[in-house]
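Data file: target12.pdb. Format and content: PDB, C-alpha atoms, pLDDT in the B column.
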ATOM      1  CA  GLN T  27      35.989-100.860 -27.383  1.00 93.00           C
ATOM      2  CA  VAL T  28      32.649-102.222 -28.513  1.00 95.00           C
ATOM      3  CA  GLN T  29      31.738-101.719 -32.153  1.00 97.00           C
ATOM      4  CA  LEU T  30      28.663-102.796 -34.079  1.00 98.00           C
ATOM      5  CA  VAL T  31      28.948-102.045 -37.781  1.00 97.00           C
ATOM      6  CA  GLU T  32      25.895-102.425 -39.993  1.00 97.00           C
ATOM      7  CA  SER T  33      26.027-102.819 -43.751  1.00 97.00           C
ATOM      8  CA  GLY T  34      23.805-103.840 -46.629  1.00 98.00           C
ATOM      9  CA  GLY T  35      21.302-101.033 -46.734  1.00 97.00           C
ATOM     10  CA  GLY T  36      20.286 -99.272 -49.920  1.00 97.00           C
ATOM     11  CA  LEU T  37      17.536 -98.246 -52.282  1.00 98.00           C
ATOM     12  CA  VAL T  38      15.281-100.994 -53.617  1.00 98.00           C
ATOM     13  CA  GLN T  39      11.906-101.248 -55.309  1.00 98.00           C
ATOM     14  CA  PRO T  40       8.833-102.704 -53.602  1.00 98.00           C
ATOM     15  CA  GLY T  41       8.915-106.485 -53.616  1.00 98.00           C
ATOM     16  CA  GLU T  42      12.686-106.722 -53.729  1.00 98.00           C
ATOM     17  CA  SER T  43      15.040-108.056 -51.074  1.00 98.00           C
ATOM     18  CA  LEU T  44      17.978-106.863 -49.015  1.00 98.00           C
ATOM     19  CA  ARG T  45      20.263-108.551 -46.538  1.00 98.00           C
ATOM     20  CA  LEU T  46      21.625-106.494 -43.683  1.00 98.00           C
ATOM     21  CA  SER T  47      24.712-107.513 -41.759  1.00 98.00           C
ATOM     22  CA  CYS T  48      26.015-106.369 -38.393  1.00 98.00           C
ATOM     23  CA  ALA T  49      29.574-107.221 -37.456  1.00 98.00           C
ATOM     24  CA  ALA T  50      30.384-107.007 -33.759  1.00 98.00           C
ATOM     25  CA  SER T  51      33.711-106.566 -32.041  1.00 97.00           C
ATOM     26  CA  GLY T  52      34.770-105.936 -28.467  1.00 96.00           C
ATOM     27  CA  ILE T  53      32.101-108.183 -26.940  1.00 94.00           C
ATOM     28  CA  ALA T  54      31.689-111.896 -26.314  1.00 94.00           C
ATOM     29  CA  PHE T  55      29.212-112.048 -29.170  1.00 96.00           C
ATOM     30  CA  SER T  56      27.868-115.535 -28.529  1.00 95.00           C
ATOM     31  CA  ILE T  57      26.457-114.611 -25.106  1.00 95.00           C
ATOM     32  CA  TYR T  58      24.589-111.528 -26.278  1.00 97.00           C
ATOM     33  CA  GLY T  59      21.043-111.331 -27.507  1.00 98.00           C
ATOM     34  CA  MET T  60      21.017-109.496 -30.817  1.00 98.00           C
ATOM     35  CA  GLY T  61      18.299-107.345 -32.273  1.00 98.00           C
ATOM     36  CA  TRP T  62      17.481-105.287 -35.315  1.00 98.00           C
ATOM     37  CA  TYR T  63      15.552-102.079 -34.763  1.00 98.00           C
ATOM     38  CA  ARG T  64      14.395 -99.438 -37.176  1.00 98.00           C
ATOM     39  CA  GLN T  65      13.421 -95.799 -37.020  1.00 98.00           C
ATOM     40  CA  ALA T  66      11.462 -94.025 -39.707  1.00 96.00           C
ATOM     41  CA  PRO T  67      11.344 -90.213 -39.938  1.00 92.00           C
ATOM     42  CA  GLY T  68       9.080 -88.804 -37.250  1.00 94.00           C
ATOM     43  CA  LYS T  69       8.564 -92.170 -35.592  1.00 96.00           C
ATOM     44  CA  GLN T  70       9.952 -93.931 -32.566  1.00 97.00           C
ATOM     45  CA  ARG T  71      12.572 -96.612 -32.881  1.00 97.00           C
ATOM     46  CA  GLU T  72      10.926-100.031 -32.945  1.00 98.00           C
ATOM     47  CA  LEU T  73      12.083-103.606 -32.578  1.00 98.00           C
ATOM     48  CA  VAL T  74      12.022-105.481 -35.874  1.00 98.00           C
ATOM     49  CA  ALA T  75      13.554-108.824 -34.953  1.00 98.00           C
ATOM     50  CA  TYR T  76      15.442-110.430 -32.100  1.00 98.00           C
ATOM     51  CA  ILE T  77      17.565-113.532 -31.772  1.00 98.00           C
ATOM     52  CA  SER T  78      18.617-114.898 -28.424  1.00 97.00           C
ATOM     53  CA  LEU T  79      21.946-116.445 -27.621  1.00 93.00           C
ATOM     54  CA  SER T  80      20.277-119.832 -27.947  1.00 93.00           C
ATOM     55  CA  GLY T  81      18.944-118.949 -31.397  1.00 94.00           C
ATOM     56  CA  SER T  82      15.283-118.426 -30.611  1.00 97.00           C
ATOM     57  CA  THR T  83      13.731-115.604 -32.583  1.00 98.00           C
ATOM     58  CA  ASN T  84      10.829-113.211 -32.514  1.00 97.00           C
ATOM     59  CA  TYR T  85       9.555-110.632 -34.950  1.00 98.00           C
ATOM     60  CA  ALA T  86       7.388-107.581 -35.142  1.00 98.00           C
ATOM     61  CA  ASP T  87       3.985-108.418 -36.571  1.00 98.00           C
ATOM     62  CA  SER T  88       4.627-106.088 -39.496  1.00 97.00           C
ATOM     63  CA  VAL T  89       7.592-108.149 -40.736  1.00 98.00           C
ATOM     64  CA  GLN T  90       6.574-111.654 -39.680  1.00 98.00           C
ATOM     65  CA  GLY T  91       6.939-114.015 -42.619  1.00 97.00           C
ATOM     66  CA  ARG T  92       8.991-111.550 -44.675  1.00 98.00           C
ATOM     67  CA  PHE T  93      12.102-110.967 -42.560  1.00 98.00           C
ATOM     68  CA  THR T  94      14.483-113.523 -41.090  1.00 98.00           C
ATOM     69  CA  ILE T  95      17.094-112.861 -38.436  1.00 98.00           C
ATOM     70  CA  SER T  96      20.076-115.167 -38.051  1.00 98.00           C
ATOM     71  CA  ARG T  97      23.459-115.162 -36.398  1.00 98.00           C
ATOM     72  CA  ASP T  98      26.876-116.632 -37.086  1.00 97.00           C
ATOM     73  CA  ASN T  99      28.779-116.779 -33.818  1.00 97.00           C
ATOM     74  CA  ALA T 100      31.974-117.824 -35.598  1.00 97.00           C
ATOM     75  CA  LYS T 101      31.881-114.552 -37.534  1.00 98.00           C
ATOM     76  CA  ASN T 102      30.466-112.395 -34.716  1.00 98.00           C
ATOM     77  CA  THR T 103      27.778-111.315 -37.149  1.00 98.00           C
ATOM     78  CA  VAL T 104      24.011-111.045 -37.120  1.00 98.00           C
ATOM     79  CA  TYR T 105      21.975-110.835 -40.311  1.00 98.00           C
ATOM     80  CA  LEU T 106      18.560-109.620 -41.312  1.00 98.00           C
ATOM     81  CA  GLN T 107      17.204-111.061 -44.535  1.00 98.00           C
ATOM     82  CA  MET T 108      14.401-108.805 -45.752  1.00 98.00           C
ATOM     83  CA  ASN T 109      12.118-110.090 -48.498  1.00 98.00           C
ATOM     84  CA  SER T 110       9.032-108.627 -50.148  1.00 98.00           C
ATOM     85  CA  LEU T 111      10.020-105.164 -49.035  1.00 98.00           C
ATOM     86  CA  LYS T 112       7.341-102.497 -48.796  1.00 98.00           C
ATOM     87  CA  PRO T 113       7.578 -98.702 -48.810  1.00 97.00           C
ATOM     88  CA  GLU T 114       6.631 -98.727 -45.124  1.00 97.00           C
ATOM     89  CA  ASP T 115       9.841-100.648 -44.393  1.00 98.00           C
ATOM     90  CA  THR T 116      11.785 -97.494 -45.236  1.00 98.00           C
ATOM     91  CA  ALA T 117      13.837 -96.525 -42.186  1.00 98.00           C
ATOM     92  CA  VAL T 118      17.277 -96.453 -40.658  1.00 98.00           C
ATOM     93  CA  TYR T 119      18.005 -99.943 -39.367  1.00 98.00           C
ATOM     94  CA  TYR T 120      20.082-100.359 -36.229  1.00 98.00           C
ATOM     95  CA  CYS T 121      21.798-103.374 -34.756  1.00 98.00           C
ATOM     96  CA  ASN T 122      21.680-103.881 -30.981  1.00 98.00           C
ATOM     97  CA  ALA T 123      23.538-106.180 -28.627  1.00 98.00           C
ATOM     98  CA  TYR T 124      22.050-106.753 -25.182  1.00 97.00           C
ATOM     99  CA  ARG T 125      23.013-108.688 -22.094  1.00 96.00           C
ATOM    100  CA  ALA T 126      22.382-108.158 -18.394  1.00 94.00           C
ATOM    101  CA  GLY T 127      21.580-104.475 -18.667  1.00 93.00           C
ATOM    102  CA  ARG T 128      24.344-103.702 -21.123  1.00 95.00           C
ATOM    103  CA  SER T 129      23.150-102.446 -24.474  1.00 97.00           C
ATOM    104  CA  TYR T 130      25.220-101.455 -27.467  1.00 98.00           C
ATOM    105  CA  TRP T 131      24.120 -99.870 -30.753  1.00 98.00           C
ATOM    106  CA  GLY T 132      25.472 -99.591 -34.230  1.00 97.00           C
ATOM    107  CA  GLN T 133      25.442 -96.402 -36.269  1.00 97.00           C
ATOM    108  CA  GLY T 134      22.580 -97.540 -38.495  1.00 97.00           C
ATOM    109  CA  THR T 135      22.109 -98.255 -42.180  1.00 98.00           C
ATOM    110  CA  GLN T 136      19.496 -96.642 -44.391  1.00 98.00           C
ATOM    111  CA  VAL T 137      16.932 -98.791 -46.168  1.00 98.00           C
ATOM    112  CA  THR T 138      14.717 -97.052 -48.698  1.00 98.00           C
ATOM    113  CA  VAL T 139      11.937 -98.876 -50.518  1.00 98.00           C
ATOM    114  CA  SER T 140      10.552 -96.828 -53.370  1.00 97.00           C
ATOM    115  CA  SER T 141       9.453 -97.181 -56.958  1.00 95.00           C
TER     116      SER T 141
END
So, in terms of structure tokens, how does the structure I just supplied come out?
Amino acid sequence: QVQLVESGGGLVQPGESLRLSCAASGIAFSIYGMGWYRQAPGKQRELVAYISLSGSTNYADSVQGRFTISRDNAKNTVYLQMNSLKPEDTAVYYCNAYRAGRSYWGQGTQVTVSS
């Protein structure tokens, strides 16, 4: 059974930081591309950051330079370091694992940026 479990969300003020974690089980983690997506109320889910199995990364323009995705294959975990958070970063953040047409999702973790 595949499980992706996100953690680390919460309520922060603008300019603060959060680190999200996603622990995977039931898959050969090291051969999956891993992504963080987010969905704000009334909006479509969007890709925030992606890290390939080789470690190459890409980011949405809106988070470039503020967010960093990384992975620890020994711990089957992908991280999203979020700095200089803005109110528009408020959303539910989802972890995704993808390989060869197979896609798995976590349950999501809420991030709220508000003063």
Wanna dump the segment 33-72 of chain T-segment 98-114 of chain T contacts at 6 Å for me, each residue with its shortest atom pair and the distance in Å to one decimal, counting all atoms listed in the file, ordered by chain and number, as a Markdown table?
| residue | atom | partner | partner_atom | distance |
| --- | --- | --- | --- | --- |
| T:Pro40 | CA | T:Lys112 | CA | 5.0 |
| T:Gly41 | CA | T:Ser110 | CA | 4.1 |
| T:Glu42 | CA | T:Ser110 | CA | 5.5 |
| T:Ser43 | CA | T:Asn109 | CA | 4.4 |
| T:Leu44 | CA | T:Met108 | CA | 5.2 |
| T:Arg45 | CA | T:Gln107 | CA | 4.4 |
| T:Leu46 | CA | T:Leu106 | CA | 5.0 |
| T:Ser47 | CA | T:Tyr105 | CA | 4.5 |
| T:Cys48 | CA | T:Val104 | CA | 5.2 |
| T:Ala49 | CA | T:Thr103 | CA | 4.5 |
| T:Ala50 | CA | T:Asn102 | CA | 5.5 |
| T:Phe55 | CA | T:Asn102 | CA | 5.7 |
| T:Ser56 | CA | T:Asn99 | CA | 5.5 |
Store the residues of this selection in a file with C-alpha atoms, as a short mmCIF file (atom, residue, chain, number, x, y, z; two decimals), in the frame of the given file.
data_model
loop_
_atom_site.label_atom_id
_atom_site.label_comp_id
_atom_site.auth_asym_id
_atom_site.auth_seq_id
_atom_site.Cartn_x
_atom_site.Cartn_y
_atom_site.Cartn_z
CA PRO T 40 8.83 -102.70 -53.60
CA GLY T 41 8.91 -106.48 -53.62
CA GLU T 42 12.69 -106.72 -53.73
CA SER T 43 15.04 -108.06 -51.07
CA LEU T 44 17.98 -106.86 -49.02
CA ARG T 45 20.26 -108.55 -46.54
CA LEU T 46 21.62 -106.49 -43.68
CA SER T 47 24.71 -107.51 -41.76
CA CYS T 48 26.02 -106.37 -38.39
CA ALA T 49 29.57 -107.22 -37.46
CA ALA T 50 30.38 -107.01 -33.76
CA PHE T 55 29.21 -112.05 -29.17
CA SER T 56 27.87 -115.54 -28.53
#
| task | Apply the PyMOL selection byres ((chain T and resi 79-85) around 12) to the displayed file and report the matching residues as a PyMOL selection string. | result | chain T and resi 54-63+72-78+86-99+102+104+106+108+123-125
| Resolved residues for the PyMOL selection byres ((chain T and resi 120) around 8) as a PyMOL selection string | chain T and resi 32+62-64+118-119+121-122+131-135
Emit the selected residues as a PDB file, in the coordinates of the input, including C-alpha atoms.
ATOM      1  CA  GLU T  32      25.895-102.425 -39.993  1.00 97.00           C
ATOM      2  CA  TRP T  62      17.481-105.287 -35.315  1.00 98.00           C
ATOM      3  CA  TYR T  63      15.552-102.079 -34.763  1.00 98.00           C
ATOM      4  CA  ARG T  64      14.395 -99.438 -37.176  1.00 98.00           C
ATOM      5  CA  VAL T 118      17.277 -96.453 -40.658  1.00 98.00           C
ATOM      6  CA  TYR T 119      18.005 -99.943 -39.367  1.00 98.00           C
ATOM      7  CA  CYS T 121      21.798-103.374 -34.756  1.00 98.00           C
ATOM      8  CA  ASN T 122      21.680-103.881 -30.981  1.00 98.00           C
ATOM      9  CA  TRP T 131      24.120 -99.870 -30.753  1.00 98.00           C
ATOM     10  CA  GLY T 132      25.472 -99.591 -34.230  1.00 97.00           C
ATOM     11  CA  GLN T 133      25.442 -96.402 -36.269  1.00 97.00           C
ATOM     12  CA  GLY T 134      22.580 -97.540 -38.495  1.00 97.00           C
ATOM     13  CA  THR T 135      22.109 -98.255 -42.180  1.00 98.00           C
TER      14      THR T 135
END
| request: Can you turn the PyMOL selection byres ((chain T and resi 139) around 6) into a concrete residue list for this file, as a ChimeraX atom specification? | output: /T:37-40,113,116,138,140
Filtering to C-alpha atoms, could you give me those residues as a short mmCIF file (atom, residue, chain, number, x, y, z; two decimals), in the frame of the given file?
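And here's result29.cif as it stands now:
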data_model
loop_
_atom_site.label_atom_id
_atom_site.label_comp_id
_atom_site.auth_asym_id
_atom_site.auth_seq_id
_atom_site.Cartn_x
_atom_site.Cartn_y
_atom_site.Cartn_z
CA LEU T 37 17.54 -98.25 -52.28
CA VAL T 38 15.28 -100.99 -53.62
CA GLN T 39 11.91 -101.25 -55.31
CA PRO T 40 8.83 -102.70 -53.60
CA PRO T 113 7.58 -98.70 -48.81
CA THR T 116 11.78 -97.49 -45.24
CA THR T 138 14.72 -97.05 -48.70
CA SER T 140 10.55 -96.83 -53.37
#
| message | Can you measure atom CA of Gly35 of chain T to atom CA of Ala126 of chain T for me? One decimal in Å is fine. | response |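 According to the coordinates, atom CA of Gly35 of chain T and atom CA of Ala126 of chain T are separated by 29.2 Å.
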Please enclose the listed atoms of segment 75-94 of chain T in an axis-aligned box, pad each side by 5 Å, and write out the centre and the three edge lengths in Å, rounded to one decimal, as AutoDock Vina command-line options.
--center_x 13.0 --center_y -113.0 --center_z -36.1 --size_x 28.0 --size_y 23.7 --size_z 27.1
| request: Tell me, in Å to one decimal, how far atom CA of Gln29 of chain T is from atom CA of Gly52 of chain T. | output: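 The value is 6.4 Å.
Between atom CA of Gln65 of chain T and atom CA of Gln27 of chain T lies a distance of 25.1 Å.
Restricting the calculation to all atoms listed in the file, the smallest distance between Ala66 of chain T and any of T:Ser33, T:Ser51, T:Ser141, T:Gln136 is found for T:Gln136.
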Using the partial input, fill out segment 89-106 of chain T with N, CA, C and O atoms; write the result as a PDB file, in the coordinates of the input.
ATOM      1  N   VAL T  89       6.571-107.516 -39.890  1.00 98.00           N
ATOM      2  CA  VAL T  89       7.592-108.149 -40.736  1.00 98.00           C
ATOM      3  C   VAL T  89       7.541-109.666 -40.676  1.00 98.00           C
ATOM      4  O   VAL T  89       8.284-110.337 -41.405  1.00 98.00           O
ATOM      5  N   GLN T  90       6.682-110.208 -39.817  1.00 98.00           N
ATOM      6  CA  GLN T  90       6.574-111.654 -39.680  1.00 98.00           C
ATOM      7  C   GLN T  90       6.315-112.305 -41.035  1.00 98.00           C
ATOM      8  O   GLN T  90       5.427-111.884 -41.779  1.00 98.00           O
ATOM      9  N   GLY T  91       7.103-113.309 -41.356  1.00 97.00           N
ATOM     10  CA  GLY T  91       6.939-114.015 -42.619  1.00 97.00           C
ATOM     11  C   GLY T  91       7.704-113.407 -43.783  1.00 97.00           C
ATOM     12  O   GLY T  91       7.827-114.026 -44.845  1.00 97.00           O
ATOM     13  N   ARG T  92       8.223-112.199 -43.603  1.00 98.00           N
ATOM     14  CA  ARG T  92       8.991-111.550 -44.675  1.00 98.00           C
ATOM     15  C   ARG T  92      10.471-111.394 -44.307  1.00 98.00           C
ATOM     16  O   ARG T  92      11.333-111.453 -45.179  1.00 98.00           O
ATOM     17  N   PHE T  93      10.730-111.180 -43.035  1.00 98.00           N
ATOM     18  CA  PHE T  93      12.102-110.967 -42.560  1.00 98.00           C
ATOM     19  C   PHE T  93      12.571-112.177 -41.771  1.00 98.00           C
ATOM     20  O   PHE T  93      11.779-112.829 -41.081  1.00 98.00           O
ATOM     21  N   THR T  94      13.877-112.435 -41.852  1.00 98.00           N
ATOM     22  CA  THR T  94      14.483-113.523 -41.090  1.00 98.00           C
ATOM     23  C   THR T  94      15.774-113.040 -40.457  1.00 98.00           C
ATOM     24  O   THR T  94      16.656-112.527 -41.156  1.00 98.00           O
ATOM     25  N   ILE T  95      15.867-113.202 -39.149  1.00 98.00           N
ATOM     26  CA  ILE T  95      17.094-112.861 -38.436  1.00 98.00           C
ATOM     27  C   ILE T  95      17.892-114.139 -38.197  1.00 98.00           C
ATOM     28  O   ILE T  95      17.320-115.203 -37.919  1.00 98.00           O
ATOM     29  N   SER T  96      19.209-114.019 -38.311  1.00 98.00           N
ATOM     30  CA  SER T  96      20.076-115.167 -38.051  1.00 98.00           C
ATOM     31  C   SER T  96      21.400-114.640 -37.511  1.00 98.00           C
ATOM     32  O   SER T  96      21.691-113.447 -37.605  1.00 98.00           O
ATOM     33  N   ARG T  97      22.171-115.558 -36.946  1.00 98.00           N
ATOM     34  CA  ARG T  97      23.459-115.162 -36.398  1.00 98.00           C
ATOM     35  C   ARG T  97      24.501-116.211 -36.723  1.00 98.00           C
ATOM     36  O   ARG T  97      24.189-117.409 -36.810  1.00 98.00           O
ATOM     37  N   ASP T  98      25.733-115.750 -36.880  1.00 97.00           N
ATOM     38  CA  ASP T  98      26.876-116.632 -37.086  1.00 97.00           C
ATOM     39  C   ASP T  98      27.882-116.285 -35.990  1.00 97.00           C
ATOM     40  O   ASP T  98      28.603-115.286 -36.096  1.00 97.00           O
ATOM     41  N   ASN T  99      27.905-117.085 -34.951  1.00 97.00           N
ATOM     42  CA  ASN T  99      28.779-116.779 -33.818  1.00 97.00           C
ATOM     43  C   ASN T  99      30.257-116.891 -34.188  1.00 97.00           C
ATOM     44  O   ASN T  99      31.097-116.225 -33.576  1.00 97.00           O
ATOM     45  N   ALA T 100      30.574-117.701 -35.165  1.00 97.00           N
ATOM     46  CA  ALA T 100      31.974-117.824 -35.598  1.00 97.00           C
ATOM     47  C   ALA T 100      32.466-116.547 -36.261  1.00 97.00           C
ATOM     48  O   ALA T 100      33.661-116.246 -36.249  1.00 97.00           O
ATOM     49  N   LYS T 101      31.528-115.793 -36.853  1.00 98.00           N
ATOM     50  CA  LYS T 101      31.881-114.552 -37.534  1.00 98.00           C
ATOM     51  C   LYS T 101      31.483-113.314 -36.739  1.00 98.00           C
ATOM     52  O   LYS T 101      31.643-112.192 -37.217  1.00 98.00           O
ATOM     53  N   ASN T 102      30.931-113.519 -35.543  1.00 98.00           N
ATOM     54  CA  ASN T 102      30.466-112.395 -34.716  1.00 98.00           C
ATOM     55  C   ASN T 102      29.531-111.476 -35.495  1.00 98.00           C
ATOM     56  O   ASN T 102      29.623-110.238 -35.410  1.00 98.00           O
ATOM     57  N   THR T 103      28.635-112.078 -36.241  1.00 98.00           N
ATOM     58  CA  THR T 103      27.778-111.315 -37.149  1.00 98.00           C
ATOM     59  C   THR T 103      26.328-111.767 -37.029  1.00 98.00           C
ATOM     60  O   THR T 103      26.052-112.965 -36.911  1.00 98.00           O
ATOM     61  N   VAL T 104      25.449-110.784 -37.068  1.00 98.00           N
ATOM     62  CA  VAL T 104      24.011-111.045 -37.120  1.00 98.00           C
ATOM     63  C   VAL T 104      23.485-110.493 -38.441  1.00 98.00           C
ATOM     64  O   VAL T 104      23.966-109.468 -38.932  1.00 98.00           O
ATOM     65  N   TYR T 105      22.514-111.192 -39.001  1.00 98.00           N
ATOM     66  CA  TYR T 105      21.975-110.835 -40.311  1.00 98.00           C
ATOM     67  C   TYR T 105      20.470-110.574 -40.212  1.00 98.00           C
ATOM     68  O   TYR T 105      19.789-111.089 -39.329  1.00 98.00           O
ATOM     69  N   LEU T 106      19.998-109.795 -41.156  1.00 98.00           N
ATOM     70  CA  LEU T 106      18.560-109.620 -41.312  1.00 98.00           C
ATOM     71  C   LEU T 106      18.249-109.743 -42.797  1.00 98.00           C
ATOM     72  O   LEU T 106      18.589-108.860 -43.581  1.00 98.00           O
TER      73      LEU T 106
END
